$ cat structure05.cif   # mmCIF, C-alpha atoms
data_run
#
loop_
_atom_site.label_atom_id
_atom_site.label_comp_id
_atom_site.auth_asym_id
_atom_site.auth_seq_id
_atom_site.Cartn_x
_atom_site.Cartn_y
_atom_site.Cartn_z
CA MET A 29 23.61 -22.73 -0.43
CA LYS A 30 21.62 -23.55 2.72
CA PHE A 31 21.94 -27.26 1.89
CA LEU A 32 25.74 -26.98 1.66
CA TRP A 33 25.96 -25.41 5.12
CA VAL A 34 23.93 -28.27 6.59
CA ILE A 35 26.16 -30.88 4.89
CA ALA A 36 29.31 -29.14 6.19
CA LEU A 37 27.96 -29.11 9.76
CA ILE A 38 27.00 -32.80 9.62
CA ILE A 39 30.41 -33.80 8.24
CA PHE A 40 32.18 -31.82 10.97
CA VAL A 41 30.11 -33.44 13.75
CA ILE A 42 30.85 -36.91 12.33
CA TYR A 43 34.55 -36.00 12.25
CA ILE A 44 34.44 -35.01 15.93
CA ILE A 45 32.77 -38.28 16.94
CA ILE A 46 35.29 -40.42 15.02
CA SER A 47 38.22 -38.42 16.43
CA GLU A 48 36.89 -38.83 19.99
CA ARG A 49 36.70 -42.61 19.58
CA LYS A 50 40.22 -42.83 18.15
CA LEU A 51 41.58 -40.72 21.00
CA LYS A 52 39.97 -42.90 23.69
CA ASN A 53 41.37 -46.07 22.06
CA ARG A 54 44.91 -44.75 22.06
CA LYS A 55 47.20 -46.65 24.44
CA ASP A 56 48.80 -43.57 25.97
CA TYR A 57 45.35 -42.10 26.66
CA LYS A 58 44.18 -45.23 28.52
CA GLU A 59 47.38 -45.66 30.57
CA ALA A 60 47.64 -42.05 31.69
CA PRO A 61 46.68 -41.86 35.45
CA THR A 62 45.74 -38.20 35.06
CA PRO A 63 44.48 -36.19 32.11
CA SER A 64 47.38 -35.23 29.87
CA LYS A 65 48.34 -31.59 29.46
CA ASN A 66 49.42 -32.31 25.91
CA PRO A 67 46.94 -30.44 23.65
CA SER A 68 46.99 -33.33 21.18
CA ASN A 69 45.52 -35.60 23.84
CA GLU A 70 42.62 -33.29 24.73
CA PRO A 71 39.17 -34.35 23.43
CA LEU A 72 38.01 -32.22 20.50
CA VAL A 73 34.92 -31.12 22.41
CA LYS A 74 37.20 -29.34 24.92
CA ARG A 75 39.07 -27.32 22.30
CA TRP A 76 37.91 -23.73 21.79
CA TRP A 77 38.48 -23.67 18.04
CA VAL A 78 36.09 -26.61 17.56
CA TRP A 79 33.20 -24.73 19.15
CA GLY A 80 34.21 -21.62 17.24
CA LEU A 81 34.00 -23.51 13.95
CA ILE A 82 30.62 -24.97 14.90
CA LEU A 83 29.30 -21.47 15.63
CA VAL A 84 30.63 -20.26 12.27
CA LEU A 85 28.82 -23.07 10.44
CA ILE A 86 25.56 -22.39 12.29
CA TYR A 87 25.86 -18.64 11.62
CA GLY A 88 26.52 -19.30 7.93
CA PHE A 89 23.40 -21.46 7.73
CA PHE A 90 21.13 -18.74 9.16
CA VAL A 91 22.74 -15.97 7.09
CA SER A 92 22.19 -18.03 3.92
CA THR A 93 18.53 -18.54 4.82
CA SER A 94 18.06 -14.85 5.61
CA ASN A 95 19.70 -13.70 2.36
CA LYS A 96 17.51 -16.02 0.32
CA ALA A 97 14.35 -14.60 1.92
CA GLU A 98 15.53 -11.01 1.40
CA SER A 99 16.42 -11.76 -2.21
CA HIS A 100 12.94 -13.18 -2.80
CA ASP A 101 11.28 -10.12 -1.26
CA GLU A 102 13.43 -7.70 -3.27
CA THR A 103 12.73 -9.56 -6.52
CA TYR A 104 8.99 -9.37 -5.86
CA LYS A 105 9.12 -5.66 -5.10
CA THR A 106 11.10 -4.75 -8.19
CA THR A 107 9.27 -6.93 -10.70
CA ALA A 108 5.67 -7.01 -9.46
CA PRO A 109 4.55 -3.56 -10.74
CA HIS A 110 5.61 -4.40 -14.30
CA SER A 111 4.85 -8.03 -14.51
CA ILE A 112 2.52 -9.38 -17.13
CA LYS A 113 0.29 -11.95 -15.56
CA PRO A 114 -0.28 -15.29 -17.27
CA SER A 115 -3.66 -16.03 -18.77
CA PRO A 116 -5.80 -18.21 -16.53
CA VAL A 117 -6.86 -21.67 -17.58
CA LYS A 118 -10.43 -20.70 -18.45
CA LYS A 119 -11.22 -19.94 -22.07
CA ARG A 120 -10.49 -16.40 -23.27
CA LYS A 121 -13.38 -14.41 -24.65
CA LYS A 122 -13.41 -13.45 -28.30
CA LEU A 123 -12.01 -10.04 -29.17
CA SER A 124 -15.31 -9.25 -30.86
CA ASP A 125 -16.92 -9.13 -27.40
CA TYR A 126 -14.89 -6.00 -26.71
CA ALA A 127 -15.50 -4.17 -29.98
CA SER A 128 -18.65 -2.24 -30.84
CA LYS A 129 -21.71 -4.38 -31.56
CA LYS A 130 -21.54 -5.80 -35.05
CA VAL A 131 -24.64 -5.31 -37.16
CA SER A 132 -25.23 -6.15 -40.81
CA LYS A 133 -24.36 -2.66 -42.06
CA PHE A 134 -21.99 -1.76 -39.20
CA ILE A 135 -24.20 1.05 -38.01
CA PRO A 136 -22.75 2.48 -34.78
CA VAL A 137 -24.95 2.26 -31.69
CA LYS A 138 -25.29 4.95 -29.05
CA ASN A 139 -22.51 4.81 -26.50
CA THR A 140 -23.97 4.08 -23.05
CA ALA A 141 -20.68 4.73 -21.23
CA LYS A 142 -20.51 7.18 -18.34
CA ALA A 143 -17.34 8.97 -17.20
CA VAL A 144 -15.83 7.75 -13.95
CA THR A 145 -12.48 7.93 -12.14
CA LEU A 146 -11.37 4.99 -10.03
CA SER A 147 -8.49 4.16 -7.69
CA ALA A 148 -6.61 0.84 -7.54
CA GLY A 149 -8.90 -2.12 -6.96
CA LYS A 150 -11.33 -4.61 -8.49
CA TYR A 151 -14.52 -3.45 -10.23
CA LYS A 152 -17.49 -5.00 -12.00
CA VAL A 153 -18.93 -3.62 -15.22
CA GLY A 154 -22.61 -2.93 -14.71
CA ARG A 155 -22.18 -2.20 -11.02
CA ASP A 156 -19.12 0.06 -10.67
CA ILE A 157 -18.63 0.98 -14.33
CA LYS A 158 -21.45 1.47 -16.82
CA PRO A 159 -21.12 -0.71 -19.96
CA GLY A 160 -19.93 1.15 -23.04
CA ARG A 161 -16.88 2.24 -25.00
CA TYR A 162 -14.13 4.09 -23.13
CA VAL A 163 -10.72 5.67 -23.44
CA ILE A 164 -8.93 4.54 -20.26
CA LYS A 165 -6.00 6.58 -18.91
CA ALA A 166 -3.81 6.57 -15.81
CA VAL A 167 -4.32 10.00 -14.26
CA LYS A 168 -1.83 9.43 -11.43
CA GLY A 169 0.68 6.63 -11.08
CA SER A 170 1.24 3.62 -13.30
CA GLY A 171 0.43 -0.07 -13.25
CA ASN A 172 -1.64 -2.90 -14.72
CA LEU A 173 -5.07 -2.68 -16.30
CA SER A 174 -6.61 -6.11 -16.84
CA ASN A 175 -9.94 -7.85 -17.04
CA SER A 176 -11.16 -11.18 -15.70
CA ASP A 177 -9.85 -13.31 -18.58
CA PHE A 178 -6.84 -11.11 -19.47
CA THR A 179 -8.08 -10.27 -22.95
CA ILE A 180 -7.21 -6.76 -21.73
CA ASN A 181 -3.83 -6.80 -20.00
CA VAL A 182 -1.65 -3.70 -20.36
CA ILE A 183 0.50 -1.32 -18.33
CA LEU A 184 -0.92 2.20 -18.13
CA GLY A 185 1.18 5.24 -17.24
CA ASN A 186 2.55 8.50 -18.54
CA ASP A 187 5.99 7.31 -19.63
CA ASP A 188 5.42 6.53 -23.30
CA LYS A 189 9.15 5.94 -23.85
CA GLY A 190 8.96 2.56 -22.11
CA ASP A 191 6.33 -0.17 -22.17
CA GLN A 192 3.64 2.01 -20.59
CA LEU A 193 0.59 3.08 -22.59
CA THR A 194 -0.86 6.55 -22.12
CA SER A 195 -4.34 5.23 -23.03
CA PHE A 196 -6.29 2.13 -23.98
CA THR A 197 -9.57 2.26 -25.92
CA THR A 198 -12.08 -0.56 -25.59
CA ASN A 199 -15.66 -1.60 -25.00
CA LEU A 200 -16.45 -2.77 -21.48
CA VAL A 201 -19.18 -5.39 -21.43
CA LYS A 202 -21.62 -6.12 -18.63
CA ASN A 203 -20.47 -8.49 -15.87
CA ASP A 204 -16.83 -8.29 -16.90
CA LYS A 205 -14.41 -7.66 -14.03
CA ILE A 206 -11.79 -4.94 -14.29
CA LYS A 207 -8.67 -4.89 -12.12
CA LEU A 208 -6.45 -1.85 -11.55
CA ASP A 209 -3.11 -2.67 -9.91
CA TRP A 210 -0.76 -0.02 -8.46
CA ILE A 211 -2.49 2.88 -10.27
CA GLU A 212 -3.43 5.69 -7.89
CA SER A 213 -6.10 7.16 -10.18
CA THR A 214 -7.55 5.95 -13.52
CA SER A 215 -10.06 7.79 -15.71
CA PHE A 216 -12.69 6.12 -17.91
CA THR A 217 -13.86 8.59 -20.57
CA PRO A 218 -16.67 7.72 -23.05
CA THR A 219 -15.73 7.80 -26.72
CA PRO A 220 -17.80 9.93 -29.15
CA ASP A 221 -20.89 8.32 -30.70
CA LYS A 222 -19.71 9.31 -34.15
CA TYR A 223 -17.28 6.91 -35.80
CA THR A 224 -14.68 7.99 -38.36
CA TYR A 225 -12.21 5.89 -40.29
CA LYS A 226 -8.71 6.17 -38.85
CA THR A 227 -5.29 5.65 -40.37
CA LYS A 228 -3.54 6.16 -37.02
CA ILE A 229 -4.81 4.32 -33.98
CA ASN A 230 -3.74 4.23 -30.37
CA ALA A 231 -3.59 1.13 -28.19
CA GLY A 232 -6.97 -0.54 -27.86
CA ILE A 233 -9.50 -2.84 -29.49
CA TRP A 234 -10.89 -1.67 -32.83
CA LEU A 235 -13.41 -2.91 -35.38
CA VAL A 236 -12.74 -2.94 -39.13
CA GLY A 237 -15.80 -1.44 -40.78
CA LEU A 238 -16.39 1.14 -38.04
CA ASP A 239 -12.96 2.37 -36.89
CA ILE A 240 -10.89 1.24 -39.86
CA LYS A 241 -11.92 1.14 -43.51
CA PRO A 242 -11.64 -2.39 -44.96
CA GLY A 243 -8.71 -2.83 -47.32
CA ARG A 244 -5.11 -3.92 -47.73
CA TYR A 245 -2.66 -2.09 -45.47
CA VAL A 246 0.96 -1.84 -44.44
CA ILE A 247 0.92 -1.40 -40.66
CA ARG A 248 3.88 0.22 -38.90
CA PRO A 249 4.60 1.27 -35.31
CA ILE A 250 4.84 5.06 -34.99
CA LYS A 251 5.48 5.16 -31.26
CA GLY A 252 6.20 2.32 -28.88
CA ARG A 253 6.27 -1.43 -29.37
CA GLY A 254 3.94 -4.30 -28.59
CA ASN A 255 1.46 -6.84 -29.88
CA LEU A 256 -0.80 -6.54 -32.90
CA ILE A 257 -3.47 -9.26 -32.95
CA SER A 258 -6.62 -9.74 -35.02
CA GLU A 259 -9.60 -12.08 -35.18
CA ASP A 260 -11.65 -12.46 -38.35
CA GLY A 261 -13.07 -15.95 -37.95
CA SER A 262 -10.48 -17.49 -40.28
CA ASP A 263 -6.94 -18.83 -40.03
CA ASN A 264 -5.49 -15.58 -41.41
CA ASN A 265 -5.38 -13.77 -38.08
CA LEU A 266 -2.59 -11.32 -37.32
CA ASN A 267 -0.25 -12.09 -34.43
CA GLU A 268 2.88 -9.93 -34.57
CA ILE A 269 5.18 -8.01 -32.26
CA LEU A 270 5.75 -4.61 -33.87
CA GLY A 271 8.80 -2.55 -32.95
CA LYS A 272 12.20 -1.39 -34.10
CA ASP A 273 14.38 -3.99 -32.36
CA THR A 274 14.48 -6.84 -34.88
CA GLU A 275 17.01 -8.76 -32.78
CA LYS A 276 14.29 -9.29 -30.14
CA GLY A 277 11.81 -10.77 -32.56
CA GLN A 278 10.09 -7.48 -33.39
CA VAL A 279 9.08 -6.59 -36.95
CA SER A 280 9.10 -3.06 -38.32
CA LYS A 281 5.96 -3.54 -40.43
CA VAL A 282 3.33 -6.05 -41.46
CA THR A 283 1.09 -6.21 -44.54
CA ALA A 284 -2.45 -7.47 -44.12
CA ASP A 285 -5.91 -7.52 -45.68
CA LEU A 286 -8.35 -6.11 -43.11
CA THR A 287 -11.92 -7.26 -43.71
CA ALA A 288 -15.21 -5.87 -42.41
CA GLY A 289 -15.99 -7.35 -39.02
CA GLU A 290 -12.36 -8.11 -38.20
CA VAL A 291 -11.34 -7.08 -34.68
CA ILE A 292 -7.90 -5.55 -34.06
CA LEU A 293 -6.13 -5.59 -30.69
CA SER A 294 -3.08 -3.33 -30.38
CA THR A 295 -0.88 -2.88 -27.30
CA ILE A 296 1.29 -0.34 -29.16
CA GLU A 297 1.14 3.35 -28.21
CA LEU A 298 0.48 4.44 -31.83
CA ILE A 299 0.43 2.62 -35.16
CA GLY A 300 -0.05 3.88 -38.71
CA LEU A 301 -2.00 2.16 -41.50
CA SER A 302 -0.98 2.92 -45.08
CA LYS A 303 -3.07 1.72 -48.02
CA LYS A 304 -1.26 -0.87 -50.07
#
$ encode --input "structure05.cif" --output "C-alpha coordinates"
Amino acid sequence: MKFLWVIALIIFVIYIIISERKLKNRKDYKEAPTPSKNPSNEPLVKRWWVWGLILVLIYGFFVSTSNKAESHDETYKTTAPHSIKPSPVKKRKKLSDYASKKVSKFIPVKNTAKAVTLSAGKYKVGRDIKPGRYVIKAVKGSGNLSNSDFTINVILGNDDKGDQLTSFTTNLVKNDKIKLDWIESTSFTPTPDKYTYKTKINAGIWLVGLDIKPGRYVIRPIKGRGNLISEDGSDNNLNEILGKDTEKGQVSKVTADLTAGEVILSTIELIGLSKK
(Lines of atoms letter the chains of each structure in order from A and count residues from 1; the text may use other names and numbers.)
(Lines give C-alpha, C1' and ligand atoms only; values in the text may rest on other atoms or scores of the structure.)
Protein backbone atom coordinates (compact mmCIF):
# COMPACT_ATOMS: atom_id res chain seq x y z
CA MET A 1 0.00 0.00 0.00
CA LYS A 2 2.83 2.41 0.87
CA PHE A 3 4.39 1.72 -2.55
CA LEU A 4 1.14 2.64 -4.33
CA TRP A 5 0.98 6.00 -2.56
CA VAL A 6 4.53 6.80 -3.66
CA ILE A 7 3.75 5.85 -7.28
CA ALA A 8 0.61 8.03 -7.25
CA LEU A 9 2.56 11.03 -5.94
CA ILE A 10 5.31 10.62 -8.56
CA ILE A 11 2.78 10.32 -11.40
CA PHE A 12 0.96 13.45 -10.21
CA VAL A 13 4.20 15.48 -10.04
CA ILE A 14 5.14 14.36 -13.56
CA TYR A 15 1.67 15.39 -14.74
CA ILE A 16 2.14 18.86 -13.24
CA ILE A 17 5.52 19.32 -14.95
CA ILE A 18 4.18 18.25 -18.37
CA SER A 19 1.11 20.47 -17.98
CA GLU A 20 3.28 23.47 -17.06
CA ARG A 21 5.40 23.02 -20.19
CA LYS A 22 2.35 22.71 -22.44
CA LEU A 23 0.82 25.84 -20.91
CA LYS A 24 3.97 27.92 -21.46
CA ASN A 25 4.17 26.79 -25.11
CA ARG A 26 0.62 27.85 -25.86
CA LYS A 27 0.42 30.81 -28.25
CA ASP A 28 -2.16 32.75 -26.24
CA TYR A 29 -0.03 32.37 -23.11
CA LYS A 30 3.09 33.80 -24.82
CA GLU A 31 1.27 36.72 -26.51
CA ALA A 32 -0.62 37.86 -23.43
CA PRO A 33 0.98 41.16 -22.15
CA THR A 34 -0.37 40.50 -18.67
CA PRO A 35 -1.19 37.31 -16.81
CA SER A 36 -4.60 36.04 -17.88
CA LYS A 37 -7.45 35.93 -15.40
CA ASN A 38 -8.81 32.86 -17.14
CA PRO A 39 -8.42 29.96 -14.66
CA SER A 40 -7.50 27.62 -17.51
CA ASN A 41 -4.42 29.72 -18.21
CA GLU A 42 -3.13 29.71 -14.62
CA PRO A 43 -0.13 27.43 -13.93
CA LEU A 44 -1.09 24.29 -12.01
CA VAL A 45 1.25 25.18 -9.17
CA LYS A 46 -0.92 28.26 -8.45
CA ARG A 47 -4.17 26.32 -8.17
CA TRP A 48 -5.32 25.48 -4.64
CA TRP A 49 -6.75 22.08 -5.50
CA VAL A 50 -3.36 20.91 -6.80
CA TRP A 51 -1.68 21.55 -3.46
CA GLY A 52 -4.66 20.03 -1.69
CA LEU A 53 -4.28 16.83 -3.71
CA ILE A 54 -0.54 16.72 -3.01
CA LEU A 55 -1.22 17.02 0.73
CA VAL A 56 -3.78 14.22 0.50
CA LEU A 57 -1.26 11.93 -1.22
CA ILE A 58 1.44 12.73 1.36
CA TYR A 59 -1.01 12.17 4.23
CA GLY A 60 -2.11 8.84 2.73
CA PHE A 61 1.52 7.72 2.51
CA PHE A 62 2.21 8.40 6.20
CA VAL A 63 -1.10 6.91 7.35
CA SER A 64 -0.34 3.72 5.39
CA THR A 65 3.09 3.48 7.02
CA SER A 66 1.65 4.10 10.48
CA ASN A 67 -1.11 1.48 10.06
CA LYS A 68 1.40 -1.11 8.92
CA ALA A 69 3.55 -0.54 12.02
CA GLU A 70 0.52 -0.68 14.33
CA SER A 71 -0.68 -3.86 12.64
CA HIS A 72 2.73 -5.47 13.17
CA ASP A 73 2.77 -4.50 16.85
CA GLU A 74 -0.77 -5.77 17.42
CA THR A 75 -0.01 -9.08 15.70
CA TYR A 76 3.04 -9.57 17.91
CA LYS A 77 1.10 -8.80 21.08
CA THR A 78 -1.75 -11.17 20.30
CA THR A 79 0.27 -14.10 19.02
CA ALA A 80 3.50 -13.99 21.03
CA PRO A 81 2.20 -15.55 24.29
CA HIS A 82 0.92 -18.64 22.45
CA SER A 83 3.46 -19.06 19.77
CA ILE A 84 5.40 -22.26 19.42
CA LYS A 85 8.98 -21.42 18.69
CA PRO A 86 10.83 -23.23 15.91
CA SER A 87 13.56 -25.66 16.80
CA PRO A 88 17.03 -24.17 16.46
CA VAL A 89 19.50 -25.48 13.94
CA LYS A 90 21.61 -27.38 16.46
CA LYS A 91 20.92 -31.08 16.91
CA ARG A 92 18.10 -32.01 19.31
CA LYS A 93 18.98 -34.18 22.25
CA LYS A 94 17.56 -37.68 22.47
CA LEU A 95 14.37 -38.09 24.46
CA SER A 96 16.15 -40.69 26.56
CA ASP A 97 18.24 -37.88 28.07
CA TYR A 98 15.08 -36.61 29.75
CA ALA A 99 13.75 -39.92 31.06
CA SER A 100 15.00 -41.68 34.18
CA LYS A 101 18.44 -43.28 33.87
CA LYS A 102 18.20 -46.55 32.01
CA VAL A 103 19.89 -49.50 33.69
CA SER A 104 19.90 -53.16 32.70
CA LYS A 105 16.99 -54.09 34.96
CA PHE A 106 15.32 -50.66 34.95
CA ILE A 107 15.85 -50.18 38.65
CA PRO A 108 14.72 -46.67 39.62
CA VAL A 109 17.37 -44.38 41.09
CA LYS A 110 16.84 -41.97 43.95
CA ASN A 111 15.33 -38.70 42.80
CA THR A 112 17.75 -35.85 43.52
CA ALA A 113 15.23 -33.12 42.65
CA LYS A 114 14.47 -30.32 45.09
CA ALA A 115 11.25 -28.29 45.12
CA VAL A 116 11.52 -24.73 43.85
CA THR A 117 9.19 -22.00 42.56
CA LEU A 118 10.44 -19.65 39.86
CA SER A 119 9.18 -16.56 38.04
CA ALA A 120 9.53 -15.85 34.32
CA GLY A 121 13.12 -15.98 33.12
CA LYS A 122 16.03 -18.16 32.05
CA TYR A 123 17.51 -20.78 34.40
CA LYS A 124 20.30 -23.35 34.35
CA VAL A 125 19.89 -26.86 35.73
CA GLY A 126 22.59 -27.48 38.31
CA ARG A 127 22.76 -23.83 39.30
CA ASP A 128 19.17 -22.58 39.66
CA ILE A 129 17.36 -25.93 39.57
CA LYS A 130 18.73 -29.14 41.04
CA PRO A 131 18.87 -32.04 38.53
CA GLY A 132 16.13 -34.62 38.96
CA ARG A 133 12.61 -35.58 37.96
CA TYR A 134 9.87 -32.98 38.39
CA VAL A 135 6.19 -32.25 37.89
CA ILE A 136 6.18 -28.68 36.53
CA LYS A 137 3.06 -26.52 36.94
CA ALA A 138 2.09 -22.91 36.30
CA VAL A 139 1.01 -21.58 39.70
CA LYS A 140 0.04 -18.14 38.39
CA GLY A 141 -0.35 -17.05 34.79
CA SER A 142 0.29 -19.00 31.61
CA GLY A 143 2.97 -19.19 28.95
CA ASN A 144 5.79 -21.21 27.42
CA LEU A 145 8.02 -23.74 29.12
CA SER A 146 10.99 -24.71 26.96
CA ASN A 147 14.55 -25.90 27.21
CA SER A 148 17.68 -24.99 25.27
CA ASP A 149 17.08 -27.34 22.33
CA PHE A 150 13.25 -27.29 22.46
CA THR A 151 12.91 -30.99 23.24
CA ILE A 152 10.60 -29.56 25.93
CA ASN A 153 8.36 -26.90 24.42
CA VAL A 154 4.83 -26.60 25.82
CA ILE A 155 2.32 -24.02 27.03
CA LEU A 156 1.58 -24.25 30.75
CA GLY A 157 -1.53 -22.78 32.35
CA ASN A 158 -4.73 -23.61 34.16
CA ASP A 159 -7.11 -23.62 31.19
CA ASP A 160 -7.14 -27.30 30.23
CA LYS A 161 -9.94 -26.70 27.71
CA GLY A 162 -7.51 -25.09 25.26
CA ASP A 163 -3.93 -25.93 24.33
CA GLN A 164 -2.57 -25.24 27.82
CA LEU A 165 -1.23 -28.05 29.97
CA THR A 166 -1.84 -28.05 33.72
CA SER A 167 1.43 -29.95 34.27
CA PHE A 168 4.45 -31.44 32.53
CA THR A 169 6.52 -34.28 34.03
CA THR A 170 10.15 -34.71 33.02
CA ASN A 171 13.72 -35.21 34.12
CA LEU A 172 15.87 -32.09 34.12
CA VAL A 173 19.50 -32.85 33.36
CA LYS A 174 22.55 -30.91 34.48
CA ASN A 175 23.62 -27.93 32.34
CA ASP A 176 20.34 -27.83 30.45
CA LYS A 177 18.78 -24.37 30.18
CA ILE A 178 15.14 -23.83 31.06
CA LYS A 179 13.15 -20.83 29.84
CA LEU A 180 9.86 -19.62 31.32
CA ASP A 181 8.05 -17.06 29.16
CA TRP A 182 5.08 -14.98 30.40
CA ILE A 183 4.43 -17.22 33.43
CA GLU A 184 4.25 -15.24 36.66
CA SER A 185 5.01 -18.23 38.91
CA THR A 186 5.99 -21.83 38.10
CA SER A 187 6.44 -24.68 40.59
CA PHE A 188 8.91 -27.56 40.20
CA THR A 189 7.83 -30.46 42.44
CA PRO A 190 9.93 -33.66 42.77
CA THR A 191 8.21 -36.88 41.74
CA PRO A 192 8.11 -39.83 44.21
CA ASP A 193 11.06 -42.23 44.22
CA LYS A 194 8.71 -45.17 43.86
CA TYR A 195 7.67 -46.02 40.32
CA THR A 196 4.36 -47.68 39.45
CA TYR A 197 3.06 -48.78 36.09
CA LYS A 198 0.46 -46.35 34.74
CA THR A 199 -2.37 -46.79 32.27
CA LYS A 200 -3.21 -43.07 32.34
CA ILE A 201 -0.43 -40.54 31.95
CA ASN A 202 -0.33 -36.78 31.91
CA ALA A 203 1.79 -34.65 29.59
CA GLY A 204 5.48 -35.35 30.01
CA ILE A 205 8.35 -37.65 29.13
CA TRP A 206 7.99 -41.25 30.28
CA LEU A 207 10.04 -44.44 30.14
CA VAL A 208 8.58 -47.82 29.16
CA GLY A 209 9.80 -50.32 31.74
CA LEU A 210 9.55 -47.87 34.66
CA ASP A 211 6.42 -45.75 34.09
CA ILE A 212 4.64 -47.97 31.57
CA LYS A 213 4.61 -51.76 31.43
CA PRO A 214 5.95 -53.06 28.09
CA GLY A 215 3.26 -54.43 25.81
CA ARG A 216 0.86 -53.74 22.95
CA TYR A 217 -1.52 -50.85 23.58
CA VAL A 218 -4.30 -48.79 22.07
CA ILE A 219 -3.56 -45.20 23.09
CA ARG A 220 -6.37 -42.63 23.19
CA PRO A 221 -6.62 -38.99 24.28
CA ILE A 222 -8.80 -38.62 27.38
CA LYS A 223 -8.43 -34.87 27.74
CA GLY A 224 -6.87 -32.37 25.38
CA ARG A 225 -5.00 -32.82 22.13
CA GLY A 226 -1.37 -32.77 21.06
CA ASN A 227 1.67 -34.74 20.01
CA LEU A 228 2.57 -38.30 20.94
CA ILE A 229 6.17 -39.15 20.05
CA SER A 230 8.43 -42.07 20.95
CA GLU A 231 12.05 -43.11 20.51
CA ASP A 232 13.11 -46.74 20.74
CA GLY A 233 16.25 -46.78 18.62
CA SER A 234 14.43 -48.23 15.60
CA ASP A 235 12.39 -46.93 12.67
CA ASN A 236 9.12 -47.81 14.42
CA ASN A 237 8.87 -44.61 16.42
CA LEU A 238 5.50 -43.05 17.15
CA ASN A 239 4.77 -39.60 15.75
CA GLU A 240 1.05 -38.79 15.91
CA ILE A 241 -1.26 -35.90 16.71
CA LEU A 242 -3.97 -37.27 18.99
CA GLY A 243 -7.31 -35.48 19.29
CA LYS A 244 -10.95 -35.56 18.29
CA ASP A 245 -10.84 -33.25 15.27
CA THR A 246 -9.99 -35.62 12.41
CA GLU A 247 -10.44 -32.85 9.84
CA LYS A 248 -7.32 -31.15 11.24
CA GLY A 249 -5.13 -34.20 10.89
CA GLN A 250 -5.75 -35.51 14.41
CA VAL A 251 -6.32 -39.21 15.09
CA SER A 252 -8.61 -40.52 17.81
CA LYS A 253 -6.37 -43.47 18.70
CA VAL A 254 -3.15 -45.23 17.80
CA THR A 255 -2.05 -48.84 18.32
CA ALA A 256 1.58 -49.50 19.18
CA ASP A 257 3.98 -52.02 20.68
CA LEU A 258 5.81 -50.30 23.56
CA THR A 259 9.14 -51.94 24.36
CA ALA A 260 11.34 -51.69 27.44
CA GLY A 261 13.62 -48.68 27.17
CA GLU A 262 11.34 -46.82 24.78
CA VAL A 263 10.84 -43.16 25.68
CA ILE A 264 7.41 -41.53 25.28
CA LEU A 265 6.86 -37.79 24.87
CA SER A 266 3.26 -36.58 25.24
CA THR A 267 2.03 -32.99 24.97
CA ILE A 268 -1.56 -34.11 25.67
CA GLU A 269 -3.21 -33.26 28.99
CA LEU A 270 -4.19 -36.90 29.65
CA ILE A 271 -3.99 -40.10 27.61
CA GLY A 272 -5.19 -43.63 28.33
CA LEU A 273 -3.38 -46.87 27.45
CA SER A 274 -5.51 -49.98 26.96
CA LYS A 275 -3.92 -53.42 26.57
CA LYS A 276 -4.47 -54.83 23.11
$ atom_distance --input "structure05.cif" --atom1 "CA of Asn255 (chain A)" --atom2 "CA of Asp273 (chain A)"
13.5 Å
$ residues_around --input "structure05.cif" --residues "Glu290 (chain A)" --least-positions-apart "3" --cutoff "7 Å" --atoms "only C-alpha atoms" --output "list in words"
Leu235, Val236, Ser258, Glu259, Asp260, Leu286 and Thr287 of chain A
$ resolve_selection --input "structure05.cif" --expression "the PyMOL selection byres ((chain A and resi 228) around 6)" --output "number ranges by chain"
A: 226-227, 229, 299-300
$ atom_distance --input "structure05.cif" --atom1 "CA of Thr295 (chain A)" --atom2 "CA of Thr214 (chain A)"
17.7 Å
$ resolve_selection --input "structure05.cif" --expression "the PyMOL selection byres ((chain A and resi 221) around 10)" --output "ChimeraX atom specification"
/A:136-140,161,218-220,222-224
$ residues_around --input "structure05.cif" --residues "Lys202 (chain A)" --least-positions-apart "3" --cutoff "8 Å" --atoms "all atoms listed in the file" --output "PyMOL selection string"
chain A and resi 152-154+158-159
$ residues_around --input "structure05.cif" --residues "Lys303 (chain A)" --least-positions-apart "3" --cutoff "7 Å" --atoms "all atoms listed in the file" --output "list in words"
Arg244, Tyr245 and Val246 of chain A
$ atom_distance --input "structure05.cif" --atom1 "CA of Ala284 (chain A)" --atom2 "CA of Thr197 (chain A)"
21.8 Å
$ resolve_selection --input "structure05.cif" --expression "the PyMOL selection byres ((chain A and resi 172) around 8)" --output "NGL selection string"
:A and (109-110 or 170-171 or 173-174 or 181-184 or 207-211)
$ write_last_selection --input "structure05.cif" --atoms "C-alpha atoms" --output "mmCIF file, in the coordinates of the input"
data_model
loop_
_atom_site.group_PDB
_atom_site.id
_atom_site.type_symbol
_atom_site.label_atom_id
_atom_site.label_comp_id
_atom_site.auth_asym_id
_atom_site.auth_seq_id
_atom_site.Cartn_x
_atom_site.Cartn_y
_atom_site.Cartn_z
ATOM 1 C CA PRO A 109 4.550 -3.560 -10.740
ATOM 2 C CA HIS A 110 5.610 -4.400 -14.300
ATOM 3 C CA SER A 170 1.240 3.620 -13.300
ATOM 4 C CA GLY A 171 0.430 -0.070 -13.250
ATOM 5 C CA LEU A 173 -5.070 -2.680 -16.300
ATOM 6 C CA SER A 174 -6.610 -6.110 -16.840
ATOM 7 C CA ASN A 181 -3.830 -6.800 -20.000
ATOM 8 C CA VAL A 182 -1.650 -3.700 -20.360
ATOM 9 C CA ILE A 183 0.500 -1.320 -18.330
ATOM 10 C CA LEU A 184 -0.920 2.200 -18.130
ATOM 11 C CA LYS A 207 -8.670 -4.890 -12.120
ATOM 12 C CA LEU A 208 -6.450 -1.850 -11.550
ATOM 13 C CA ASP A 209 -3.110 -2.670 -9.910
ATOM 14 C CA TRP A 210 -0.760 -0.020 -8.460
ATOM 15 C CA ILE A 211 -2.490 2.880 -10.270
#
$ closest_residue --input "structure05.cif" --among "A:Lys165, A:Gly277, A:Asn230, A:Asp204" --to "Ile292 (chain A)" --atoms "all atoms listed in the file"
A:Asn230
$ residues_around --input "structure05.cif" --residues "Lys251 (chain A)" --least-positions-apart "4" --cutoff "12 Å" --atoms "only C-alpha atoms" --output "list in words"
Asp187, Asp188, Lys189, Gly190, Asp191, Gln192, Leu193, Thr194, Lys228, Ile229, Asn230, Ala231, Leu270, Gly271, Lys272, Ser280, Thr295, Ile296, Glu297, Leu298, Ile299 and Gly300 of chain A
